[in-house]
>>> print(open('coords_28.cif').read())   # mmCIF, C-alpha atoms
data_input
loop_
_atom_site.group_PDB
_atom_site.id
_atom_site.type_symbol
_atom_site.label_atom_id
_atom_site.label_comp_id
_atom_site.auth_asym_id
_atom_site.auth_seq_id
_atom_site.Cartn_x
_atom_site.Cartn_y
_atom_site.Cartn_z
ATOM 1 C CA MET A 1 13.117 -19.449 6.181
ATOM 2 C CA LEU A 2 11.233 -16.175 6.616
ATOM 3 C CA ASP A 3 8.350 -15.837 9.072
ATOM 4 C CA LEU A 4 5.486 -14.890 6.738
ATOM 5 C CA GLU A 5 2.496 -15.432 9.016
ATOM 6 C CA ASN A 6 -0.151 -12.723 8.480
ATOM 7 C CA ALA A 7 1.981 -11.079 5.796
ATOM 8 C CA ILE A 8 0.808 -10.068 2.338
ATOM 9 C CA ILE A 9 3.326 -11.079 -0.307
ATOM 10 C CA THR A 10 3.452 -9.402 -3.711
ATOM 11 C CA ILE A 11 5.352 -11.282 -6.355
ATOM 12 C CA ASP A 12 5.757 -11.298 -10.128
ATOM 13 C CA ALA A 13 5.336 -14.195 -12.549
ATOM 14 C CA MET A 14 7.934 -16.214 -10.623
ATOM 15 C CA GLY A 15 5.350 -16.482 -7.821
ATOM 16 C CA CYS A 16 3.023 -18.382 -10.109
ATOM 17 C CA GLN A 17 5.196 -21.433 -9.565
ATOM 18 C CA THR A 18 3.149 -23.811 -7.416
ATOM 19 C CA ASP A 19 6.097 -24.549 -5.112
ATOM 20 C CA ILE A 20 6.433 -20.882 -4.193
ATOM 21 C CA ALA A 21 2.682 -20.387 -3.729
ATOM 22 C CA GLU A 22 2.478 -23.486 -1.517
ATOM 23 C CA VAL A 23 5.226 -22.186 0.790
ATOM 24 C CA ILE A 24 3.426 -18.851 1.143
ATOM 25 C CA ILE A 25 0.158 -20.620 1.992
ATOM 26 C CA GLU A 26 1.860 -23.018 4.418
ATOM 27 C CA GLN A 27 3.379 -19.999 6.189
ATOM 28 C CA LYS A 28 -0.197 -18.662 6.667
ATOM 29 C CA ALA A 29 0.375 -15.616 4.512
ATOM 30 C CA ASP A 30 -1.643 -14.152 1.656
ATOM 31 C CA TYR A 31 -0.227 -13.248 -1.724
ATOM 32 C CA ILE A 32 -0.954 -11.005 -4.660
ATOM 33 C CA LEU A 33 0.065 -12.199 -8.113
ATOM 34 C CA ALA A 34 0.235 -10.119 -11.251
ATOM 35 C CA VAL A 35 -1.894 -11.617 -14.015
ATOM 36 C CA LYS A 36 -1.413 -10.650 -17.626
ATOM 37 C CA GLU A 37 -3.952 -10.913 -20.397
ATOM 38 C CA LYS A 38 -1.400 -12.825 -22.448
ATOM 39 C CA THR A 39 -3.124 -16.139 -21.723
ATOM 40 C CA LYS A 40 -6.722 -15.097 -22.370
ATOM 41 C CA LYS A 41 -8.311 -18.363 -21.234
ATOM 42 C CA ASN A 42 -6.742 -18.234 -17.758
ATOM 43 C CA TYR A 43 -7.248 -14.472 -17.504
ATOM 44 C CA ILE A 44 -10.982 -14.860 -18.145
ATOM 45 C CA LYS A 45 -11.235 -17.706 -15.588
ATOM 46 C CA ILE A 46 -9.562 -15.544 -12.944
ATOM 47 C CA LEU A 47 -11.810 -12.577 -13.704
ATOM 48 C CA LYS A 48 -14.878 -14.824 -13.373
ATOM 49 C CA VAL A 49 -13.748 -16.118 -9.961
ATOM 50 C CA LEU A 50 -13.079 -12.584 -8.737
ATOM 51 C CA PHE A 51 -16.380 -11.269 -10.092
ATOM 52 C CA ASP A 52 -18.381 -14.135 -8.542
ATOM 53 C CA SER A 53 -16.666 -13.559 -5.185
ATOM 54 C CA LEU A 54 -17.395 -9.845 -5.323
ATOM 55 C CA LYS A 55 -21.068 -10.506 -6.125
ATOM 56 C CA ARG A 56 -21.357 -12.823 -3.097
ATOM 57 C CA GLN A 57 -19.716 -10.280 -0.801
ATOM 58 C CA ILE A 58 -22.010 -7.472 -1.975
ATOM 59 C CA LYS A 59 -25.062 -9.715 -1.570
ATOM 60 C CA ASN A 60 -23.993 -10.630 1.988
ATOM 61 C CA LEU A 61 -23.478 -6.968 2.906
ATOM 62 C CA TYR A 62 -26.860 -6.081 1.455
ATOM 63 C CA ASN A 63 -28.625 -8.910 3.294
ATOM 64 C CA ARG A 64 -27.053 -7.834 6.622
ATOM 65 C CA GLY A 65 -28.233 -4.267 6.076
ATOM 66 C CA SER A 66 -24.635 -3.062 5.899
ATOM 67 C CA TRP A 67 -25.056 -1.614 2.447
#
>>> encode(input="coords_28.cif", output="structure tokens")
Amino acid sequence: MLDLENAIITIDAMGCQTDIAEVIIEQKADYILAVKEKTKKNYIKILKVLFDSLKRQIKNLYNRGSW
């Protein structure tokens, strides 16, 4: 088994398998998955999560005077 701690893993559609993602998380690594617009419903859900996270981060920076 590879030592993945603190690594950033990039992986294609194969990485969307939950077993693979779980191993990466258990190894305390982060991962980047490619997402295609092919499945619009899931694509829109992912965009919403990312957008909401970005809004929170910007708001936090603004409130700390870091903006």
>>> resolve_selection(input="coords_28.cif", expression="the PyMOL selection byres ((chain A and resi 31-44) around 9)", output="PDB file with C-alpha atoms, in the frame of the given file")
ATOM      1  CA  ALA A   7       1.981 -11.079   5.796  1.00  0.00           C
ATOM      2  CA  ILE A   8       0.808 -10.068   2.338  1.00  0.00           C
ATOM      3  CA  ILE A   9       3.326 -11.079  -0.307  1.00  0.00           C
ATOM      4  CA  THR A  10       3.452  -9.402  -3.711  1.00  0.00           C
ATOM      5  CA  ILE A  11       5.352 -11.282  -6.355  1.00  0.00           C
ATOM      6  CA  ASP A  12       5.757 -11.298 -10.128  1.00  0.00           C
ATOM      7  CA  ALA A  13       5.336 -14.195 -12.549  1.00  0.00           C
ATOM      8  CA  GLY A  15       5.350 -16.482  -7.821  1.00  0.00           C
ATOM      9  CA  CYS A  16       3.023 -18.382 -10.109  1.00  0.00           C
ATOM     10  CA  ALA A  21       2.682 -20.387  -3.729  1.00  0.00           C
ATOM     11  CA  ILE A  24       3.426 -18.851   1.143  1.00  0.00           C
ATOM     12  CA  ILE A  25       0.158 -20.620   1.992  1.00  0.00           C
ATOM     13  CA  ALA A  29       0.375 -15.616   4.512  1.00  0.00           C
ATOM     14  CA  ASP A  30      -1.643 -14.152   1.656  1.00  0.00           C
ATOM     15  CA  LYS A  45     -11.235 -17.706 -15.588  1.00  0.00           C
ATOM     16  CA  ILE A  46      -9.562 -15.544 -12.944  1.00  0.00           C
ATOM     17  CA  LEU A  47     -11.810 -12.577 -13.704  1.00  0.00           C
ATOM     18  CA  LYS A  48     -14.878 -14.824 -13.373  1.00  0.00           C
ATOM     19  CA  VAL A  49     -13.748 -16.118  -9.961  1.00  0.00           C
TER      20      VAL A  49
END
>>> atom_distance(input="coords_28.cif", atom1="CA of Gly65 in chain A", atom2="CA of Phe51 in chain A")
21.2 Å
>>> atom_distance(input="coords_28.cif", atom1="CA of Ser53 in chain A", atom2="CA of Lys28 in chain A")
20.9 Å
>>> atom_distance(input="coords_28.cif", atom1="CA of Glu26 in chain A", atom2="CA of Leu4 in chain A")
9.2 Å
